[in-house]
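What follows is the content of entry_18.csv, which has CSV, C-alpha atoms and all ligand atoms:
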```csv
chain,number,residue,atom,x,y,z
A,75,MET,CA,92.8,120.1,122.2
A,76,ILE,CA,93.6,121.9,118.9
A,77,LEU,CA,90.9,124.1,117.6
A,78,VAL,CA,90.7,125.0,114.0
A,79,LEU,CA,89.3,128.3,113.2
A,80,PHE,CA,88.7,130.1,110.0
A,81,ILE,CA,89.8,133.6,110.4
A,82,VAL,CA,90.1,136.4,107.9
A,83,MET,CA,92.3,139.2,108.8
A,84,THR,CA,93.2,141.9,106.3
A,85,TYR,CA,96.4,143.0,107.9
A,86,LEU,CA,97.7,139.5,107.8
A,87,THR,CA,97.1,139.4,104.1
A,88,LEU,CA,99.0,142.6,103.6
A,89,GLN,CA,101.8,141.1,105.6
A,90,CYS,CA,101.8,138.0,103.5
A,91,LYS,CA,101.9,140.1,100.4
A,92,ARG,CA,105.0,141.9,101.7
A,93,GLU,CA,106.7,138.5,102.4
A,94,GLY,CA,105.9,137.2,98.9
A,95,PHE,CA,103.8,134.5,100.4
A,96,LEU,CA,100.9,135.0,97.9
A,97,GLN,CA,103.3,135.0,95.0
A,98,ARG,CA,104.8,131.7,96.2
A,99,ILE,CA,101.3,130.2,96.4
A,100,LYS,CA,100.4,131.3,92.9
A,101,GLU,CA,103.6,129.6,91.6
A,102,GLU,CA,102.7,126.4,93.3
A,103,GLU,CA,99.2,126.2,91.9
A,104,GLY,CA,98.0,122.8,90.8
A,105,GLU,CA,100.8,121.0,92.6
A,106,GLY,CA,100.4,118.4,95.3
A,107,CYS,CA,102.7,117.4,98.0
A,108,ASN,CA,104.1,114.3,99.7
A,109,ILE,CA,104.1,114.3,103.4
A,110,TYR,CA,106.1,111.9,105.6
A,111,GLY,CA,106.7,112.0,109.3
A,112,PHE,CA,105.6,111.1,112.7
A,113,LEU,CA,104.0,112.8,115.6
A,114,GLU,CA,104.4,112.2,119.3
A,115,VAL,CA,101.2,112.8,121.1
A,116,ASN,CA,99.7,112.4,124.5
A,117,LYS,CA,97.4,109.6,125.2
A,118,VAL,CA,94.3,111.8,124.9
A,119,ALA,CA,91.9,112.5,122.1
A,120,GLY,CA,93.1,115.0,119.6
A,121,ASN,CA,93.5,115.8,115.9
A,122,PHE,CA,96.0,116.5,113.2
A,123,HIS,CA,95.2,117.9,109.8
A,124,PHE,CA,96.6,118.9,106.5
A,125,ALA,CA,95.2,122.2,105.4
A,126,PRO,CA,96.4,125.1,103.3
A,127,GLY,CA,97.5,128.4,104.6
A,128,LYS,CA,99.8,129.7,107.2
A,129,SER,CA,99.0,128.4,110.6
A,130,PHE,CA,99.8,130.2,113.8
A,131,GLN,CA,98.8,130.2,117.5
A,132,GLN,CA,96.5,133.0,118.5
A,133,ALA,CA,95.2,133.2,122.1
A,134,ASN,CA,95.7,129.5,122.6
A,135,MET,CA,93.9,128.6,119.4
A,136,HIS,CA,95.3,127.1,116.2
A,137,VAL,CA,94.4,129.3,113.4
A,138,HIS,CA,94.8,129.1,109.6
A,139,ASP,CA,95.1,132.2,107.4
A,140,LEU,CA,93.2,131.3,104.3
A,141,LEU,CA,92.4,134.5,102.6
A,142,ALA,CA,94.7,133.6,99.7
A,143,PHE,CA,92.7,130.5,99.0
A,144,GLN,CA,89.2,132.0,99.2
A,145,LYS,CA,88.6,132.6,95.6
A,146,GLU,CA,89.2,129.2,94.2
A,147,SER,CA,88.3,125.9,95.7
A,148,PHE,CA,91.1,123.8,97.1
A,149,ASN,CA,91.3,120.3,95.8
A,150,ILE,CA,91.9,117.9,98.7
A,151,SER,CA,92.1,114.7,96.8
A,152,HIS,CA,94.6,112.5,98.6
A,153,LYS,CA,96.1,109.1,99.0
A,154,ILE,CA,97.2,107.7,102.3
A,155,ASN,CA,100.2,105.4,101.8
A,156,ARG,CA,100.5,104.4,105.4
A,157,LEU,CA,99.1,105.5,108.7
A,158,ALA,CA,99.9,103.7,111.9
A,159,PHE,CA,99.6,104.4,115.5
A,160,GLY,CA,102.7,102.9,117.1
A,161,GLU,CA,105.0,100.2,116.2
A,162,TYR,CA,104.4,97.3,113.8
A,163,PHE,CA,103.4,94.0,115.3
A,164,PRO,CA,102.5,90.7,113.5
A,165,GLY,CA,99.0,90.6,112.3
A,166,VAL,CA,98.2,94.3,112.6
A,167,VAL,CA,95.9,95.7,109.9
A,168,ASN,CA,95.9,99.5,109.4
A,169,PRO,CA,92.7,100.2,107.6
A,170,LEU,CA,93.9,103.4,106.0
A,171,ASP,CA,96.9,102.0,104.2
A,172,SER,CA,96.7,102.8,100.5
A,173,VAL,CA,93.3,104.5,100.8
A,174,GLN,CA,92.6,106.9,98.0
A,175,TRP,CA,90.0,109.6,97.7
A,176,VAL,CA,89.2,111.9,94.8
A,177,GLN,CA,87.2,115.1,95.4
A,178,HIS,CA,84.5,115.7,92.8
A,179,THR,CA,82.6,118.7,94.2
A,180,GLN,CA,84.1,122.0,95.1
A,181,HIS,CA,84.9,123.1,98.6
A,182,GLY,CA,84.7,120.9,101.6
A,183,MET,CA,86.7,119.1,104.3
A,184,TYR,CA,87.4,115.5,104.5
A,185,GLN,CA,87.3,114.0,108.0
A,186,TYR,CA,88.6,110.7,109.4
A,187,PHE,CA,87.3,109.7,112.8
A,188,ILE,CA,89.7,107.2,114.2
A,189,LYS,CA,89.2,105.0,117.3
A,190,VAL,CA,92.6,103.9,118.6
A,191,VAL,CA,92.7,100.7,120.5
A,192,PRO,CA,95.8,100.2,122.7
A,193,THR,CA,97.3,96.8,121.9
A,194,VAL,CA,100.0,94.8,123.7
A,195,TYR,CA,101.7,92.0,121.7
A,196,THR,CA,103.8,89.5,123.5
A,197,ASP,CA,105.8,87.1,121.3
A,198,ILE,CA,107.1,83.7,122.1
A,199,THR,CA,110.4,84.9,123.6
A,200,GLY,CA,108.5,87.2,126.0
A,201,ARG,CA,109.3,90.4,124.2
A,202,THR,CA,106.4,92.8,124.4
A,203,ILE,CA,105.4,95.4,121.8
A,204,GLN,CA,103.2,98.3,123.1
A,205,SER,CA,101.3,99.5,120.1
A,206,ASN,CA,97.9,100.4,118.8
A,207,GLN,CA,95.3,99.3,116.4
A,208,PHE,CA,92.5,101.5,115.0
A,209,SER,CA,89.2,101.6,113.2
A,210,VAL,CA,88.0,104.5,111.2
A,211,THR,CA,84.9,106.1,109.8
A,212,GLU,CA,85.1,108.8,107.2
A,213,HIS,CA,83.0,111.7,106.2
A,214,PHE,CA,83.2,114.4,103.6
A,215,ARG,CA,81.7,117.7,104.7
A,216,SER,CA,80.8,119.7,101.7
A,217,ASP,CA,80.2,123.4,101.9
A,218,ASN,CA,77.1,123.9,99.8
A,219,ILE,CA,74.7,123.6,102.8
A,220,GLY,CA,74.9,127.4,103.1
A,221,HIS,CA,76.6,127.8,106.5
A,222,GLN,CA,80.0,129.2,107.0
A,223,HIS,CA,82.9,127.8,105.0
A,224,SER,CA,84.7,125.0,106.6
A,225,LEU,CA,88.4,124.9,106.5
A,226,PRO,CA,89.4,122.9,103.4
A,227,GLY,CA,91.7,120.1,104.3
A,228,VAL,CA,92.1,116.5,105.5
A,229,PHE,CA,91.4,116.0,109.1
A,230,PHE,CA,92.2,113.1,111.4
A,231,PHE,CA,90.3,113.1,114.6
A,232,TYR,CA,91.5,110.4,116.9
A,233,ASP,CA,90.1,109.1,120.2
A,234,LEU,CA,91.4,106.4,122.5
A,235,SER,CA,89.4,103.4,123.3
A,236,PRO,CA,89.1,102.5,127.0
A,237,ILE,CA,89.6,98.8,126.0
A,238,LYS,CA,93.0,97.3,125.7
A,239,VAL,CA,93.8,94.3,123.6
A,240,THR,CA,96.5,91.8,124.5
A,241,PHE,CA,97.9,89.2,122.1
A,242,THR,CA,100.2,86.5,123.4
A,243,GLU,CA,102.0,84.0,121.3
A,244,GLY,CA,102.4,80.6,122.8
A,245,HIS,CA,103.4,77.0,122.2
A,246,VAL,CA,101.0,74.0,122.7
A,247,SER,CA,102.8,71.6,125.1
A,248,PHE,CA,103.7,68.1,123.9
A,249,LEU,CA,101.4,66.5,126.5
A,250,HIS,CA,98.5,68.6,125.1
A,251,PHE,CA,99.4,67.4,121.6
A,252,LEU,CA,99.5,63.8,122.8
A,253,THR,CA,96.1,64.0,124.4
A,254,ASN,CA,94.7,65.6,121.2
A,255,VAL,CA,96.1,62.7,119.1
A,256,CYS,CA,94.7,60.2,121.5
A,257,ALA,CA,91.3,61.8,121.3
A,258,ILE,CA,91.3,61.7,117.5
A,259,VAL,CA,92.4,58.1,117.4
A,260,GLY,CA,89.9,57.1,120.0
A,261,GLY,CA,87.2,58.9,118.2
A,262,VAL,CA,88.0,57.2,114.9
A,263,PHE,CA,87.9,53.8,116.7
A,264,THR,CA,84.6,54.5,118.4
A,265,VAL,CA,82.9,55.7,115.2
A,266,SER,CA,84.2,52.8,113.1
A,267,GLY,CA,83.0,50.5,115.9
A,268,ILE,CA,79.5,51.9,115.8
A,269,LEU,CA,79.5,51.6,112.0
A,270,ASP,CA,80.8,48.0,112.2
A,271,SER,CA,78.2,46.9,114.7
A,272,PHE,CA,75.4,48.6,112.7
A,273,VAL,CA,76.5,46.8,109.5
A,274,TYR,CA,76.9,43.5,111.3
A,275,HIS,CA,73.5,43.6,113.0
A,276,SER,CA,71.6,44.8,110.0
A,277,GLN,CA,73.2,42.1,107.9
A,278,ARG,CA,72.2,39.5,110.5
A,279,ALA,CA,68.7,40.8,110.6
A,280,ILE,CA,68.4,40.6,106.8
A,281,LYS,CA,69.8,37.1,106.8
A,282,LYS,CA,67.3,36.0,109.4
A,283,LYS,CA,64.4,37.4,107.5
A,284,MET,CA,65.6,35.7,104.4
A,285,GLU,CA,65.8,32.4,106.3
A,286,ILE,CA,62.4,32.8,107.7
A,287,GLY,CA,61.0,33.6,104.3
A,288,LYS,CA,62.7,30.6,102.9
A,289,PHE,CA,61.4,28.2,105.6
A,290,SER,CA,57.8,29.4,105.6
A,301,LIG,C1,90.9,117.2,92.1
A,301,LIG,O1,92.0,116.5,91.6
A,301,LIG,C2,91.8,115.2,91.2
A,301,LIG,C3,93.1,114.6,90.8
A,301,LIG,O2,93.9,115.4,90.1
A,301,LIG,C4,90.8,115.2,90.0
A,301,LIG,O3,90.6,113.9,89.5
A,301,LIG,C5,89.5,115.8,90.4
A,301,LIG,O4,88.6,115.9,89.3
A,301,LIG,C6,89.8,117.2,91.0
A,301,LIG,N1,88.5,117.7,91.6
A,301,LIG,C7,88.0,118.9,91.2
A,301,LIG,C8,86.7,119.3,91.9
A,301,LIG,O5,88.5,119.7,90.5
```
Translate the structure described by the file into structure tokens.
Ligand SMILES: *[C@@H]1O[C@H](CO)[C@@H](O)[C@H](O)[C@H]1NC(C)=O
Amino acid sequence: MILVLFIVMTYLTLQCKREGFLQRIKEEEGEGCNIYGFLEVNKVAGNFHFAPGKSFQQANMHVHDLLAFQKESFNISHKINRLAFGEYFPGVVNPLDSVQWVQHTQHGMYQYFIKVVPTVYTDITGRTIQSNQFSVTEHFRSDNIGHQHSLPGVFFFYDLSPIKVTFTEGHVSFLHFLTNVCAIVGGVFTVSGILDSFVYHSQRAIKKKMEIGKFS
């Protein structure tokens, strides 16, 4: 499990200054970035995130150095062009594709909570695709509640569902088709028979009544 911590260390900032890191950040102010790639992860819950600052491992924790970003707010408006867990299979709907979000308030973190459902798709030739579908809920955690600053960034927390979905493509056999056709034809005959007898009997009844009326 990756832990995100907000740590301020003065000596690190000094080091960053020496490396020209802060200068580089100043130069990139107001710019966005386009991120493309894939991650290979274990089949356990976890998260990945896009956040500013240098990240490093410290005592088994994932830490971001954010001192350079403390003064101004960091705009985390973003657009997700495509996010998929695993290979494409026919009929898959990835709910985060072309989702856009614009930040209106200052400070905060945007969180996506993703439930990944393992899915097996077997096509007509028997080829199977081991993939996943997912559902998502989202939440913007803004900072003005007064507690400690949260790390600005876009976070994706994913969790695996214990339920697996299996899709199988298949043909309907000719015999099955034939019985279906027979059932439809038989149904049509039966219904028209009922209608016919109804019309016939009511017509006869009316005729009889008229004859009786005439005779009496
Ligand atoms: C963040 O950037 C977006 C897009 O450039 C802009 O529409 C939005 O107003 C900005 N938000 C803040 C709080 O400055």
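Within 8 Å of the file-frame point (98.3, 102.7, 124.6), and using all atoms listed in the file, the polymer residues found are Lys117, Val191, Pro192, Thr193, Gln204, Ser205, Asn206 and Lys238 of chain A.
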Using all atoms listed in the file, find each residue with an atom at most 8 Å away from ligand LIG 301 (chain A) and format the answer as a PyMOL selection string. chain A and resi 147+149-151+176-181
Step by step, gather every atom of region 247-265 of chain A that the file lists, find the box along x, y and z that holds them, add 8 Å on each side, and finally give centre and edge lengths in Å to one decimal, as AutoDock Vina command-line options.
```
--center_x 93.3 --center_y 62.7 --center_z 120.7 --size_x 36.8 --size_y 33.8 --size_z 27.6
```
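The interatomic distance for the pair CA of Thr211 (chain A) and CA of Pro126 (chain A) works out to 23.1 Å.
Residue nearest Glu243 (chain A) within the list A:Met135, A:Val228, A:Ile203, A:Ala158: A:Ile203 [criterion: smallest interatomic distance, all atoms listed in the file].
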CA of Tyr195 (chain A) sits from CA of Asn254 (chain A) at a separation of 27.3 Å
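Note that the spacing between CA of Phe159 (chain A) and CA of Leu234 (chain A) amounts to 11.0 Å.
Considering only C-alpha atoms, the residue among A:Gly160, A:Gly104, A:Pro226, A:Pro169 positioned nearest to Val194 (chain A) is A:Gly160.
Each of A:Phe229, A:Phe124, A:Phe208, A:Tyr274 was checked against Ile188 (chain A) using all atoms listed in the file; the smallest atom-to-atom distance is that of A:Phe208.
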